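Structure below is target.cif: mmCIF, C-alpha atoms and all ligand atoms.
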data_upload
#
loop_
_atom_site.group_PDB
_atom_site.id
_atom_site.type_symbol
_atom_site.label_atom_id
_atom_site.label_comp_id
_atom_site.auth_asym_id
_atom_site.auth_seq_id
_atom_site.Cartn_x
_atom_site.Cartn_y
_atom_site.Cartn_z
ATOM 1 C CA MET A 1 113.387 20.051 163.354
ATOM 2 C CA SER A 2 116.569 17.975 163.306
ATOM 3 C CA ASN A 3 118.075 16.955 166.641
ATOM 4 C CA SER A 4 121.666 17.230 165.491
ATOM 5 C CA LEU A 5 123.158 20.626 166.238
ATOM 6 C CA PRO A 6 125.240 21.005 163.052
ATOM 7 C CA GLU A 7 122.199 20.007 160.985
ATOM 8 C CA ARG A 8 120.142 22.767 162.579
ATOM 9 C CA PHE A 9 122.501 25.260 160.927
ATOM 10 C CA ARG A 10 121.835 23.821 157.459
ATOM 11 C CA LEU A 11 119.252 25.027 154.949
ATOM 12 C CA ASP A 12 118.695 21.865 152.911
ATOM 13 C CA GLY A 13 115.409 22.020 151.013
ATOM 14 C CA ARG A 14 114.880 25.698 151.871
ATOM 15 C CA VAL A 15 114.231 28.373 149.265
ATOM 16 C CA ALA A 16 115.852 31.760 149.884
ATOM 17 C CA LEU A 17 115.508 35.118 148.144
ATOM 18 C CA VAL A 18 118.413 37.513 148.721
ATOM 19 C CA THR A 19 118.204 41.113 147.468
ATOM 20 C CA GLY A 20 121.244 43.109 146.401
ATOM 21 C CA ALA A 21 123.014 39.796 145.897
ATOM 22 C CA ALA A 22 125.226 40.603 142.898
ATOM 23 C CA ARG A 23 128.188 41.594 145.064
ATOM 24 C CA GLY A 24 129.392 42.381 148.576
ATOM 25 C CA ILE A 25 127.475 41.174 151.621
ATOM 26 C CA GLY A 26 124.476 39.978 149.593
ATOM 27 C CA LYS A 27 126.671 37.779 147.404
ATOM 28 C CA ALA A 28 128.439 36.334 150.452
ATOM 29 C CA ILE A 29 125.045 35.510 151.993
ATOM 30 C CA ALA A 30 123.724 33.955 148.762
ATOM 31 C CA ASP A 31 126.889 31.848 148.377
ATOM 32 C CA GLY A 32 126.799 30.845 152.050
ATOM 33 C CA TYR A 33 123.146 29.802 151.904
ATOM 34 C CA ALA A 34 123.797 27.746 148.749
ATOM 35 C CA ALA A 35 126.738 26.040 150.492
ATOM 36 C CA ALA A 36 124.396 25.273 153.406
ATOM 37 C CA GLY A 37 122.025 23.475 151.030
ATOM 38 C CA ALA A 38 119.472 26.135 150.106
ATOM 39 C CA THR A 39 118.055 26.920 146.692
ATOM 40 C CA VAL A 40 118.972 30.586 146.368
ATOM 41 C CA VAL A 41 117.441 33.256 144.167
ATOM 42 C CA ALA A 42 119.974 36.080 143.985
ATOM 43 C CA ALA A 43 118.210 39.305 142.996
ATOM 44 C CA ASP A 44 119.780 42.648 142.188
ATOM 45 C CA VAL A 45 119.028 45.840 140.289
ATOM 46 C CA ALA A 46 122.258 45.073 138.386
ATOM 47 C CA PRO A 47 122.421 41.274 138.506
ATOM 48 C CA GLY A 48 125.479 39.187 137.690
ATOM 49 C CA LEU A 49 125.415 36.167 135.412
ATOM 50 C CA GLU A 50 123.347 33.891 137.628
ATOM 51 C CA GLY A 51 121.080 36.442 139.270
ATOM 52 C CA VAL A 52 117.631 37.784 138.511
ATOM 53 C CA THR A 53 116.855 41.452 137.922
ATOM 54 C CA LEU A 54 114.943 43.173 140.710
ATOM 55 C CA ASP A 55 114.716 46.785 141.822
ATOM 56 C CA VAL A 56 113.385 46.606 145.388
ATOM 57 C CA ARG A 57 111.797 50.065 144.947
ATOM 58 C CA ASP A 58 109.433 48.724 142.283
ATOM 59 C CA GLU A 59 106.220 47.390 143.868
ATOM 60 C CA ARG A 60 105.072 45.394 140.837
ATOM 61 C CA ALA A 61 108.515 43.949 140.201
ATOM 62 C CA VAL A 62 108.800 42.820 143.829
ATOM 63 C CA GLU A 63 105.372 41.149 143.722
ATOM 64 C CA ALA A 64 106.297 39.453 140.424
ATOM 65 C CA ALA A 65 109.704 38.296 141.733
ATOM 66 C CA VAL A 66 108.189 36.658 144.828
ATOM 67 C CA ALA A 67 105.398 35.088 142.725
ATOM 68 C CA ASP A 68 108.069 33.729 140.390
ATOM 69 C CA VAL A 69 110.034 32.185 143.277
ATOM 70 C CA THR A 70 106.947 30.451 144.697
ATOM 71 C CA ARG A 71 105.824 29.282 141.239
ATOM 72 C CA ARG A 72 109.230 27.838 140.350
ATOM 73 C CA HIS A 73 110.165 26.415 143.748
ATOM 74 C CA GLY A 74 106.791 25.894 145.428
ATOM 75 C CA ARG A 75 107.613 28.019 148.508
ATOM 76 C CA ILE A 76 109.764 30.748 149.999
ATOM 77 C CA ASP A 77 111.446 30.045 153.331
ATOM 78 C CA VAL A 78 113.934 32.869 153.716
ATOM 79 C CA LEU A 79 114.040 36.507 152.626
ATOM 80 C CA VAL A 80 117.183 38.550 153.125
ATOM 81 C CA ASN A 81 116.578 42.283 152.752
ATOM 82 C CA ASN A 82 120.142 43.256 151.903
ATOM 83 C CA ALA A 83 119.901 45.810 149.068
ATOM 84 C CA GLY A 84 121.023 49.169 150.397
ATOM 85 C CA VAL A 85 122.635 52.457 149.399
ATOM 86 C CA VAL A 86 124.407 55.341 151.166
ATOM 87 C CA GLY A 87 124.491 59.102 150.615
ATOM 88 C CA ARG A 88 127.350 60.729 152.489
ATOM 89 C CA THR A 89 126.280 64.368 152.067
ATOM 90 C CA ALA A 90 126.110 67.182 154.615
ATOM 91 C CA SER A 91 122.488 67.273 155.765
ATOM 92 C CA GLU A 92 122.125 71.003 155.148
ATOM 93 C CA GLU A 93 123.099 70.399 151.502
ATOM 94 C CA MET A 94 121.241 67.166 150.868
ATOM 95 C CA PRO A 95 118.920 67.294 147.844
ATOM 96 C CA LEU A 96 115.428 65.901 148.436
ATOM 97 C CA GLU A 97 115.931 63.593 145.468
ATOM 98 C CA LEU A 98 118.892 61.858 147.144
ATOM 99 C CA TRP A 99 117.000 61.572 150.446
ATOM 100 C CA GLU A 100 114.037 59.995 148.647
ATOM 101 C CA ARG A 101 116.221 57.543 146.726
ATOM 102 C CA ILE A 102 117.835 56.272 149.925
ATOM 103 C CA VAL A 103 114.469 55.991 151.690
ATOM 104 C CA ALA A 104 113.038 54.124 148.679
ATOM 105 C CA VAL A 105 115.792 51.490 148.600
ATOM 106 C CA ASN A 106 116.702 51.097 152.283
ATOM 107 C CA MET A 107 113.268 51.450 153.872
ATOM 108 C CA THR A 108 110.416 51.117 151.353
ATOM 109 C CA GLY A 109 112.291 48.271 149.619
ATOM 110 C CA VAL A 110 112.388 46.361 152.906
ATOM 111 C CA PHE A 111 108.653 46.931 153.346
ATOM 112 C CA LEU A 112 107.765 45.848 149.801
ATOM 113 C CA CYS A 113 109.893 42.686 149.863
ATOM 114 C CA SER A 114 108.769 41.757 153.388
ATOM 115 C CA ARG A 115 105.114 42.278 152.477
ATOM 116 C CA ALA A 116 105.312 40.096 149.377
ATOM 117 C CA ALA A 117 107.453 37.311 150.866
ATOM 118 C CA GLY A 118 105.720 37.569 154.262
ATOM 119 C CA ARG A 119 102.324 36.940 152.670
ATOM 120 C CA ALA A 120 103.603 33.672 151.157
ATOM 121 C CA MET A 121 105.371 32.679 154.397
ATOM 122 C CA LEU A 122 102.252 33.337 156.512
ATOM 123 C CA LYS A 123 100.254 31.188 154.110
ATOM 124 C CA GLN A 124 102.708 28.280 154.460
ATOM 125 C CA GLY A 125 102.964 28.921 158.233
ATOM 126 C CA SER A 126 106.752 29.272 158.340
ATOM 127 C CA GLY A 127 109.563 31.524 157.234
ATOM 128 C CA ALA A 128 112.466 33.681 158.294
ATOM 129 C CA ILE A 129 113.234 37.246 157.290
ATOM 130 C CA VAL A 130 116.747 38.613 157.840
ATOM 131 C CA ASN A 131 117.151 42.362 157.446
ATOM 132 C CA ILE A 132 120.577 43.888 156.938
ATOM 133 C CA ALA A 133 120.501 47.020 159.090
ATOM 134 C CA SER A 134 123.728 48.643 160.361
ATOM 135 C CA ILE A 135 125.406 49.794 163.548
ATOM 136 C CA MET A 136 124.548 53.192 162.037
ATOM 137 C CA GLY A 137 120.882 52.384 162.647
ATOM 138 C CA MET A 138 121.654 52.253 166.385
ATOM 139 C CA VAL A 139 123.966 55.289 166.789
ATOM 140 C CA GLY A 140 124.501 58.681 165.165
ATOM 141 C CA GLY A 141 127.877 57.896 163.636
ATOM 142 C CA GLY A 142 129.824 61.117 164.113
ATOM 143 C CA LEU A 143 132.564 60.276 161.606
ATOM 144 C CA TYR A 144 130.905 61.903 158.560
ATOM 145 C CA PRO A 145 127.379 62.996 157.599
ATOM 146 C CA ASN A 146 125.056 60.217 156.399
ATOM 147 C CA LEU A 147 121.611 61.306 157.644
ATOM 148 C CA ALA A 148 119.326 59.339 155.326
ATOM 149 C CA TYR A 149 121.354 56.187 156.003
ATOM 150 C CA HIS A 150 121.024 56.592 159.787
ATOM 151 C CA ALA A 151 117.300 57.313 159.440
ATOM 152 C CA THR A 152 116.562 54.366 157.175
ATOM 153 C CA LYS A 153 118.723 51.843 159.034
ATOM 154 C CA GLY A 154 117.086 52.962 162.292
ATOM 155 C CA ALA A 155 113.765 52.325 160.571
ATOM 156 C CA VAL A 156 114.916 48.844 159.534
ATOM 157 C CA VAL A 157 115.800 48.096 163.175
ATOM 158 C CA ASN A 158 112.309 48.997 164.373
ATOM 159 C CA MET A 159 110.507 47.473 161.379
ATOM 160 C CA THR A 160 112.271 44.248 162.370
ATOM 161 C CA ARG A 161 110.850 44.449 165.885
ATOM 162 C CA ALA A 162 107.354 45.466 164.747
ATOM 163 C CA LEU A 163 107.111 42.734 162.100
ATOM 164 C CA ALA A 164 108.404 40.170 164.595
ATOM 165 C CA CYS A 165 105.607 41.158 166.989
ATOM 166 C CA GLU A 166 103.039 40.957 164.191
ATOM 167 C CA TRP A 167 104.103 37.743 162.430
ATOM 168 C CA SER A 168 106.071 35.522 164.813
ATOM 169 C CA GLY A 169 102.928 33.952 166.300
ATOM 170 C CA ARG A 170 102.120 32.734 162.789
ATOM 171 C CA GLY A 171 105.476 31.066 162.164
ATOM 172 C CA VAL A 172 107.446 33.887 160.564
ATOM 173 C CA ARG A 173 110.556 35.027 162.448
ATOM 174 C CA VAL A 174 111.976 38.468 161.670
ATOM 175 C CA ASN A 175 115.495 39.457 162.722
ATOM 176 C CA ALA A 176 118.186 41.895 161.663
ATOM 177 C CA ILE A 177 121.946 42.109 161.545
ATOM 178 C CA ALA A 178 123.732 45.329 162.452
ATOM 179 C CA PRO A 179 127.120 45.056 160.742
ATOM 180 C CA THR A 180 130.036 47.321 161.471
ATOM 181 C CA PHE A 181 132.109 48.609 158.524
ATOM 182 C CA VAL A 182 132.594 45.803 155.997
ATOM 183 C CA GLU A 183 135.067 45.606 153.118
ATOM 184 C CA THR A 184 132.857 45.907 150.007
ATOM 185 C CA GLU A 185 132.459 48.279 147.061
ATOM 186 C CA LEU A 186 130.184 50.383 149.273
ATOM 187 C CA THR A 187 133.125 51.260 151.537
ATOM 188 C CA GLN A 188 135.943 51.216 148.963
ATOM 189 C CA ARG A 189 136.258 54.998 148.703
ATOM 190 C CA LEU A 190 135.826 55.474 152.442
ATOM 191 C CA PHE A 191 138.611 53.002 153.251
ATOM 192 C CA ALA A 192 140.878 54.553 150.594
ATOM 193 C CA ASP A 193 141.014 57.514 153.009
ATOM 194 C CA ARG A 194 143.768 56.072 155.272
ATOM 195 C CA PRO A 195 143.195 58.359 158.294
ATOM 196 C CA MET A 196 139.460 57.536 158.159
ATOM 197 C CA LEU A 197 140.143 53.792 158.076
ATOM 198 C CA GLU A 198 142.592 54.123 160.982
ATOM 199 C CA ARG A 199 140.003 56.103 162.977
ATOM 200 C CA ILE A 200 137.396 53.380 162.327
ATOM 201 C CA GLU A 201 139.857 50.695 163.456
ATOM 202 C CA GLU A 202 140.703 52.719 166.577
ATOM 203 C CA LEU A 203 137.008 53.037 167.463
ATOM 204 C CA THR A 204 136.451 49.286 167.072
ATOM 205 C CA PRO A 205 137.409 47.244 170.140
ATOM 206 C CA MET A 206 138.568 44.407 167.872
ATOM 207 C CA GLY A 207 140.655 46.894 165.893
ATOM 208 C CA ARG A 208 139.543 45.926 162.388
ATOM 209 C CA VAL A 209 136.699 46.071 159.891
ATOM 210 C CA ALA A 210 134.622 42.999 158.981
ATOM 211 C CA THR A 211 134.551 40.704 155.966
ATOM 212 C CA ALA A 212 131.347 40.014 154.042
ATOM 213 C CA GLU A 213 131.652 36.339 155.038
ATOM 214 C CA GLU A 214 131.489 37.283 158.727
ATOM 215 C CA ILE A 215 128.123 38.921 158.082
ATOM 216 C CA ALA A 216 126.989 35.879 156.050
ATOM 217 C CA ASP A 217 127.752 33.604 159.025
ATOM 218 C CA ALA A 218 125.291 35.566 161.176
ATOM 219 C CA ALA A 219 122.748 35.583 158.348
ATOM 220 C CA LEU A 220 122.965 31.785 158.154
ATOM 221 C CA TYR A 221 122.325 31.451 161.886
ATOM 222 C CA LEU A 222 119.266 33.734 161.816
ATOM 223 C CA ALA A 223 117.769 31.976 158.766
ATOM 224 C CA SER A 224 118.300 28.478 160.131
ATOM 225 C CA ASP A 225 116.467 26.319 162.681
ATOM 226 C CA ALA A 226 119.376 27.011 165.060
ATOM 227 C CA ALA A 227 117.612 30.353 165.654
ATOM 228 C CA ALA A 228 114.136 28.802 166.021
ATOM 229 C CA MET A 229 113.446 30.751 169.261
ATOM 230 C CA VAL A 230 115.011 34.015 168.036
ATOM 231 C CA THR A 231 112.811 36.791 166.658
ATOM 232 C CA GLY A 232 112.777 40.582 166.791
ATOM 233 C CA HIS A 233 116.498 40.492 167.544
ATOM 234 C CA ILE A 234 119.162 42.868 166.230
ATOM 235 C CA LEU A 235 122.410 40.897 166.027
ATOM 236 C CA ALA A 236 125.433 43.189 165.999
ATOM 237 C CA VAL A 237 128.385 41.820 164.051
ATOM 238 C CA ASP A 238 130.593 44.727 164.891
ATOM 239 C CA GLY A 239 133.833 43.754 166.623
ATOM 240 C CA GLY A 240 132.461 45.459 169.737
ATOM 241 C CA TRP A 241 131.588 48.859 168.186
ATOM 242 C CA LEU A 242 128.229 49.136 169.983
ATOM 243 C CA ALA A 243 129.712 47.875 173.258
ATOM 244 C CA ARG A 244 131.747 51.050 173.778
HETATM 245 N N1 LIG B 1 129.707 47.647 153.679
HETATM 246 C C1 LIG B 1 129.455 48.078 154.906
HETATM 247 O O1 LIG B 1 130.332 48.613 155.592
HETATM 248 C C2 LIG B 1 128.087 47.905 155.511
HETATM 249 C C3 LIG B 1 127.942 48.115 156.885
HETATM 250 C C4 LIG B 1 126.696 47.971 157.477
HETATM 251 C C5 LIG B 1 125.605 47.636 156.684
HETATM 252 N N2 LIG B 1 125.771 47.450 155.352
HETATM 253 C C6 LIG B 1 124.575 47.119 154.573
HETATM 254 O O2 LIG B 1 124.751 45.887 153.929
HETATM 255 C C7 LIG B 1 124.001 45.867 152.705
HETATM 256 C C8 LIG B 1 124.910 45.461 151.564
HETATM 257 O O3 LIG B 1 125.986 46.379 151.493
HETATM 258 P P1 LIG B 1 127.315 46.112 150.659
HETATM 259 O O4 LIG B 1 128.413 46.715 151.426
HETATM 260 O O5 LIG B 1 127.400 44.710 150.211
HETATM 261 O O6 LIG B 1 127.017 47.099 149.413
HETATM 262 P P2 LIG B 1 127.371 46.992 147.864
HETATM 263 O O7 LIG B 1 127.160 48.367 147.337
HETATM 264 O O8 LIG B 1 128.675 46.311 147.632
HETATM 265 O O9 LIG B 1 126.219 46.024 147.316
HETATM 266 C C9 LIG B 1 124.879 46.423 147.353
HETATM 267 C C10 LIG B 1 124.122 45.704 146.245
HETATM 268 O O10 LIG B 1 122.776 46.168 146.298
HETATM 269 C C11 LIG B 1 122.338 46.398 144.976
HETATM 270 N N3 LIG B 1 121.247 47.371 144.950
HETATM 271 C C12 LIG B 1 121.325 48.725 145.124
HETATM 272 N N4 LIG B 1 120.125 49.281 144.955
HETATM 273 C C13 LIG B 1 119.260 48.264 144.677
HETATM 274 C C14 LIG B 1 117.883 48.205 144.400
HETATM 275 N N5 LIG B 1 117.136 49.333 144.319
HETATM 276 N N6 LIG B 1 117.321 46.998 144.194
HETATM 277 C C15 LIG B 1 118.058 45.858 144.222
HETATM 278 N N7 LIG B 1 119.384 45.851 144.462
HETATM 279 C C16 LIG B 1 119.968 47.053 144.690
HETATM 280 C C17 LIG B 1 123.573 46.901 144.236
HETATM 281 O O11 LIG B 1 123.454 46.748 142.819
HETATM 282 C C18 LIG B 1 124.670 46.025 144.849
HETATM 283 O O12 LIG B 1 124.876 44.827 144.120
HETATM 284 C C19 LIG B 1 123.394 47.254 152.564
HETATM 285 O O13 LIG B 1 122.080 47.257 153.059
HETATM 286 C C20 LIG B 1 124.286 48.102 153.454
HETATM 287 O O14 LIG B 1 123.632 49.244 153.936
HETATM 288 C C21 LIG B 1 126.975 47.576 154.732
#
Please lay out the structure from this file as structure tokens.
Amino acid sequence: MSNSLPERFRLDGRVALVTGAARGIGKAIADGYAAAGATVVAADVAPGLEGVTLDVRDERAVEAAVADVTRRHGRIDVLVNNAGVVGRTASEEMPLELWERIVAVNMTGVFLCSRAAGRAMLKQGSGAIVNIASIMGMVGGGLYPNLAYHATKGAVVNMTRALACEWSGRGVRVNAIAPTFVETELTQRLFADRPMLERIEELTPMGRVATAEEIADAALYLASDAAAMVTGHILAVDGGWLAR
């Protein structure tokens, strides 16, 4: 490990796989990691020009994607489980199909990607996994119904802790970020509802929503050697939402 503090925040020579990286928070993380020196594989079910195609629900595709990263780059140092979807439907009306789709992406996808990348990281004796959970994995929300999201993000929070307990002794740190509301395509329609956006701002001690880059900053910290002693932690990037 480097002795210089700024250098401990860099990712030179590291290989990172970021899921859901075609846009929004995932893209900001992929761009941030690349700027910090990492070789980044940006994976998405609907990839942009420079990304690779990966549906995190697909067991074989996940295994193949991780095998491809290690074959091409010789290792995998960082996995960011960022791919995620919402389903803002009243619980009493929610179709099972929608519930299962959200569970498959937000929860099973995190398991599949962590299992595949974790196996390679355990073999090399080092690695960092950063899960993108949500403040809505820590509280019940109350602004609108979003049951499967709360359930799956709560699961991501505790999967982070359980995997940290299981793998940290073998060199693999596992942490999560719990972002507040962030300006991305995921929240575009929600924020178009002015009274809803104002209510969110009112409920946030800092009085505003977050940018994707503010989440990427935390993701860089957790992936880097600057967080060498940090594992099993849920880092809220929430303008004080959870402090209320
Ligand atoms: N935007 C917010 O307010 C907010 C707040 C807290 C947490 N989050 C979490 O941050 C993550 C990213 O959210 P965002 O706002 O950037 O969303 P977004 O919808 O802008 O981007 C999500 C990306 O994930 C991809 N994706 C969806 N399903 C996939 C699958 N099965 N396999 C691979 N990729 C898939 C999409 O194609 C898209 O590019 C999600 O896990 C979300 O739950 C977002």
What would the selection look like, as a ChimeraX atom specification, if the PyMOL selection byres (((not hetatm)) within 7 of (chain B and resi 1)) were run on the coordinates I just shared? /A:19-26,43-46,54-57,82-86,105-106,132-135,178-187
Selection to disk with C-alpha atoms, as a short mmCIF file (atom, residue, chain, number, x, y, z; two decimals), in the coordinates of the input:
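Contents of the output file selection12.cif:
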data_model
loop_
_atom_site.label_atom_id
_atom_site.label_comp_id
_atom_site.auth_asym_id
_atom_site.auth_seq_id
_atom_site.Cartn_x
_atom_site.Cartn_y
_atom_site.Cartn_z
CA THR A 19 118.20 41.11 147.47
CA GLY A 20 121.24 43.11 146.40
CA ALA A 21 123.01 39.80 145.90
CA ALA A 22 125.23 40.60 142.90
CA ARG A 23 128.19 41.59 145.06
CA GLY A 24 129.39 42.38 148.58
CA ILE A 25 127.48 41.17 151.62
CA GLY A 26 124.48 39.98 149.59
CA ALA A 43 118.21 39.30 143.00
CA ASP A 44 119.78 42.65 142.19
CA VAL A 45 119.03 45.84 140.29
CA ALA A 46 122.26 45.07 138.39
CA LEU A 54 114.94 43.17 140.71
CA ASP A 55 114.72 46.78 141.82
CA VAL A 56 113.38 46.61 145.39
CA ARG A 57 111.80 50.06 144.95
CA ASN A 82 120.14 43.26 151.90
CA ALA A 83 119.90 45.81 149.07
CA GLY A 84 121.02 49.17 150.40
CA VAL A 85 122.64 52.46 149.40
CA VAL A 86 124.41 55.34 151.17
CA VAL A 105 115.79 51.49 148.60
CA ASN A 106 116.70 51.10 152.28
CA ILE A 132 120.58 43.89 156.94
CA ALA A 133 120.50 47.02 159.09
CA SER A 134 123.73 48.64 160.36
CA ILE A 135 125.41 49.79 163.55
CA ALA A 178 123.73 45.33 162.45
CA PRO A 179 127.12 45.06 160.74
CA THR A 180 130.04 47.32 161.47
CA PHE A 181 132.11 48.61 158.52
CA VAL A 182 132.59 45.80 156.00
CA GLU A 183 135.07 45.61 153.12
CA THR A 184 132.86 45.91 150.01
CA GLU A 185 132.46 48.28 147.06
CA LEU A 186 130.18 50.38 149.27
CA THR A 187 133.12 51.26 151.54
#
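With all atoms listed in the file taken into account, the protein and nucleic acid residues at most 12 Å from Ile102 (chain A) (excluding it and anything under 4 positions from it in its own chain) are Val56, Arg57, Ala83, Gly84, Val85, Val86, Gly87, Arg88, Thr89, Met94, Pro95, Leu96, Glu97, Leu98, Asn106, Met107, Thr108, Gly109, Val110, Asn146, Leu147, Ala148, Tyr149, His150, Ala151, Thr152 and Lys153 of chain A.
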Residue with the minimum atom-to-atom distance to Gly142 (chain A), picked from A:Ala236, A:Ala30, A:Met196, A:Ala228 with all atoms listed in the file counted, is A:Met196
- Task: Pull out every residue that the PyMOL selection byres (((chain A and resi 229) around 12) and not hetatm) matches in the shown coordinates and put them as number ranges by chain.
- Result: A: 128, 164, 168-169, 171-175, 221-228, 230-233
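For the residues A:Glu7, A:Glu63, A:Glu201, A:Glu213, ranking by smallest atom-to-atom distance to Gly239 (chain A) using only C-alpha atoms places A:Glu201 first.
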At a cut-off of 8 Å from (103.7, 34.2, 148.9) in the coordinates of the file, what residues are picked up using only C-alpha atoms, written as JSON, numbers by chain?
{"A": [66, 67, 70, 75, 76, 116, 117, 118, 119, 120, 121, 122, 123]}
Any chance you could export the current selection's C-alpha atoms as a compact mmCIF listing (two decimals), in the frame of the given file?
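Listed below is the output, selection-v4.txt:
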# COMPACT_ATOMS: atom_id res chain seq x y z
CA VAL A 66 108.19 36.66 144.83
CA ALA A 67 105.40 35.09 142.72
CA THR A 70 106.95 30.45 144.70
CA ARG A 75 107.61 28.02 148.51
CA ILE A 76 109.76 30.75 150.00
CA ALA A 116 105.31 40.10 149.38
CA ALA A 117 107.45 37.31 150.87
CA GLY A 118 105.72 37.57 154.26
CA ARG A 119 102.32 36.94 152.67
CA ALA A 120 103.60 33.67 151.16
CA MET A 121 105.37 32.68 154.40
CA LEU A 122 102.25 33.34 156.51
CA LYS A 123 100.25 31.19 154.11
Taken to one decimal, the CA of Asn81 (chain A)-CA of Val209 (chain A) distance is 21.7 Å
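CA of Arg14 (chain A) lies 5.7 Å from CA of Asp77 (chain A).
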From CA of Asn131 (chain A) to CA of Val80 (chain A) the spacing works out at 5.8 Å
Of A:Ala218, A:Leu49, A:Ala192, A:Leu112, the one nearest to Phe9 (chain A) when counting all atoms listed in the file is A:Ala218
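Considering the residues A:Asp238, A:Asp217, A:Glu59, A:Asp31 and counting all atoms listed in the file, Cys113 (chain A) has its shortest atom-to-atom contact with A:Glu59.
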Please enclose the listed atoms of region 37-48 of chain A in an axis-aligned box, pad each side by 3 Å, and write out the centre and the three edge lengths in Å, rounded to one decimal, as JSON.
{"center_x": 121.5, "center_y": 34.7, "center_z": 144.4, "size_x": 14.0, "size_y": 28.4, "size_z": 19.3}
Check: Taking (122.4, 33.6, 153.4) in the file's coordinates as the center, which residues reach within 7 Å of it, counting all atoms listed in the file, put as a PyMOL selection string?
Finding: chain A and resi 29-33+216+219-220
* To do: Can you pull out every residue within 7 Å of Thr204 (chain A), counting only C-alpha atoms, but drop anything in the same chain fewer than 2 positions away, and send it as a ChimeraX atom specification?
  => /A:200-202,206-208,239-241
Carefully work through the PyMOL selection byres (((chain A and resi 79) around 6) and not hetatm) for this structure and note down the residues it includes, as JSON, numbers by chain.
{"A": [16, 17, 18, 78, 80, 129]}
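Minimum distance to Ala104 (chain A) across A:Gln124, A:Leu5, A:Gly137, A:Asp58 (counting only C-alpha atoms) occurs at A:Asp58.
Residues in contact range of Ala36 (chain A), defined as at most 7 Å between all atoms listed in the file, with sequence neighbours fewer than 4 positions away removed, read Arg10, Leu11, Asp12 and Gly32 of chain A.
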Using the atoms already present, construct N, CA, C and O atoms for region 233-244 of chain A and hand them back as a PDB file, in the frame of the given file.
ATOM      1  N   HIS A 233     115.163  40.223 167.003  1.00  0.00           N
ATOM      2  CA  HIS A 233     116.498  40.492 167.544  1.00  0.00           C
ATOM      3  C   HIS A 233     117.368  41.259 166.550  1.00  0.00           C
ATOM      4  O   HIS A 233     117.293  41.011 165.345  1.00  0.00           O
ATOM      5  N   ILE A 234     118.197  42.149 167.068  1.00  0.00           N
ATOM      6  CA  ILE A 234     119.162  42.868 166.230  1.00  0.00           C
ATOM      7  C   ILE A 234     120.536  42.347 166.618  1.00  0.00           C
ATOM      8  O   ILE A 234     121.040  42.629 167.711  1.00  0.00           O
ATOM      9  N   LEU A 235     121.122  41.545 165.732  1.00  0.00           N
ATOM     10  CA  LEU A 235     122.410  40.897 166.027  1.00  0.00           C
ATOM     11  C   LEU A 235     123.558  41.761 165.492  1.00  0.00           C
ATOM     12  O   LEU A 235     123.751  41.878 164.278  1.00  0.00           O
ATOM     13  N   ALA A 236     124.280  42.380 166.406  1.00  0.00           N
ATOM     14  CA  ALA A 236     125.433  43.189 165.999  1.00  0.00           C
ATOM     15  C   ALA A 236     126.582  42.275 165.630  1.00  0.00           C
ATOM     16  O   ALA A 236     126.909  41.344 166.367  1.00  0.00           O
ATOM     17  N   VAL A 237     127.161  42.528 164.470  1.00  0.00           N
ATOM     18  CA  VAL A 237     128.385  41.820 164.051  1.00  0.00           C
ATOM     19  C   VAL A 237     129.376  42.953 163.821  1.00  0.00           C
ATOM     20  O   VAL A 237     129.521  43.481 162.718  1.00  0.00           O
ATOM     21  N   ASP A 238     129.981  43.395 164.914  1.00  0.00           N
ATOM     22  CA  ASP A 238     130.593  44.727 164.891  1.00  0.00           C
ATOM     23  C   ASP A 238     131.937  44.832 165.616  1.00  0.00           C
ATOM     24  O   ASP A 238     132.404  45.948 165.873  1.00  0.00           O
ATOM     25  N   GLY A 239     132.537  43.690 165.943  1.00  0.00           N
ATOM     26  CA  GLY A 239     133.833  43.754 166.623  1.00  0.00           C
ATOM     27  C   GLY A 239     133.797  44.571 167.908  1.00  0.00           C
ATOM     28  O   GLY A 239     134.841  45.047 168.362  1.00  0.00           O
ATOM     29  N   GLY A 240     132.592  44.750 168.470  1.00  0.00           N
ATOM     30  CA  GLY A 240     132.461  45.459 169.737  1.00  0.00           C
ATOM     31  C   GLY A 240     132.108  46.938 169.617  1.00  0.00           C
ATOM     32  O   GLY A 240     132.009  47.641 170.629  1.00  0.00           O
ATOM     33  N   TRP A 241     131.856  47.423 168.403  1.00  0.00           N
ATOM     34  CA  TRP A 241     131.588  48.859 168.186  1.00  0.00           C
ATOM     35  C   TRP A 241     130.491  49.387 169.125  1.00  0.00           C
ATOM     36  O   TRP A 241     130.658  50.419 169.768  1.00  0.00           O
ATOM     37  N   LEU A 242     129.371  48.650 169.185  1.00  0.00           N
ATOM     38  CA  LEU A 242     128.229  49.136 169.983  1.00  0.00           C
ATOM     39  C   LEU A 242     128.438  48.898 171.485  1.00  0.00           C
ATOM     40  O   LEU A 242     127.649  49.387 172.298  1.00  0.00           O
ATOM     41  N   ALA A 243     129.478  48.160 171.834  1.00  0.00           N
ATOM     42  CA  ALA A 243     129.712  47.875 173.258  1.00  0.00           C
ATOM     43  C   ALA A 243     130.428  49.037 173.958  1.00  0.00           C
ATOM     44  O   ALA A 243     130.483  49.079 175.179  1.00  0.00           O
ATOM     45  N   ARG A 244     130.968  49.969 173.156  1.00  0.00           N
ATOM     46  CA  ARG A 244     131.747  51.050 173.778  1.00  0.00           C
ATOM     47  C   ARG A 244     130.856  51.956 174.613  1.00  0.00           C
ATOM     48  O   ARG A 244     129.750  52.253 174.266  1.00  0.00           O
TER      49      ARG A 244
END
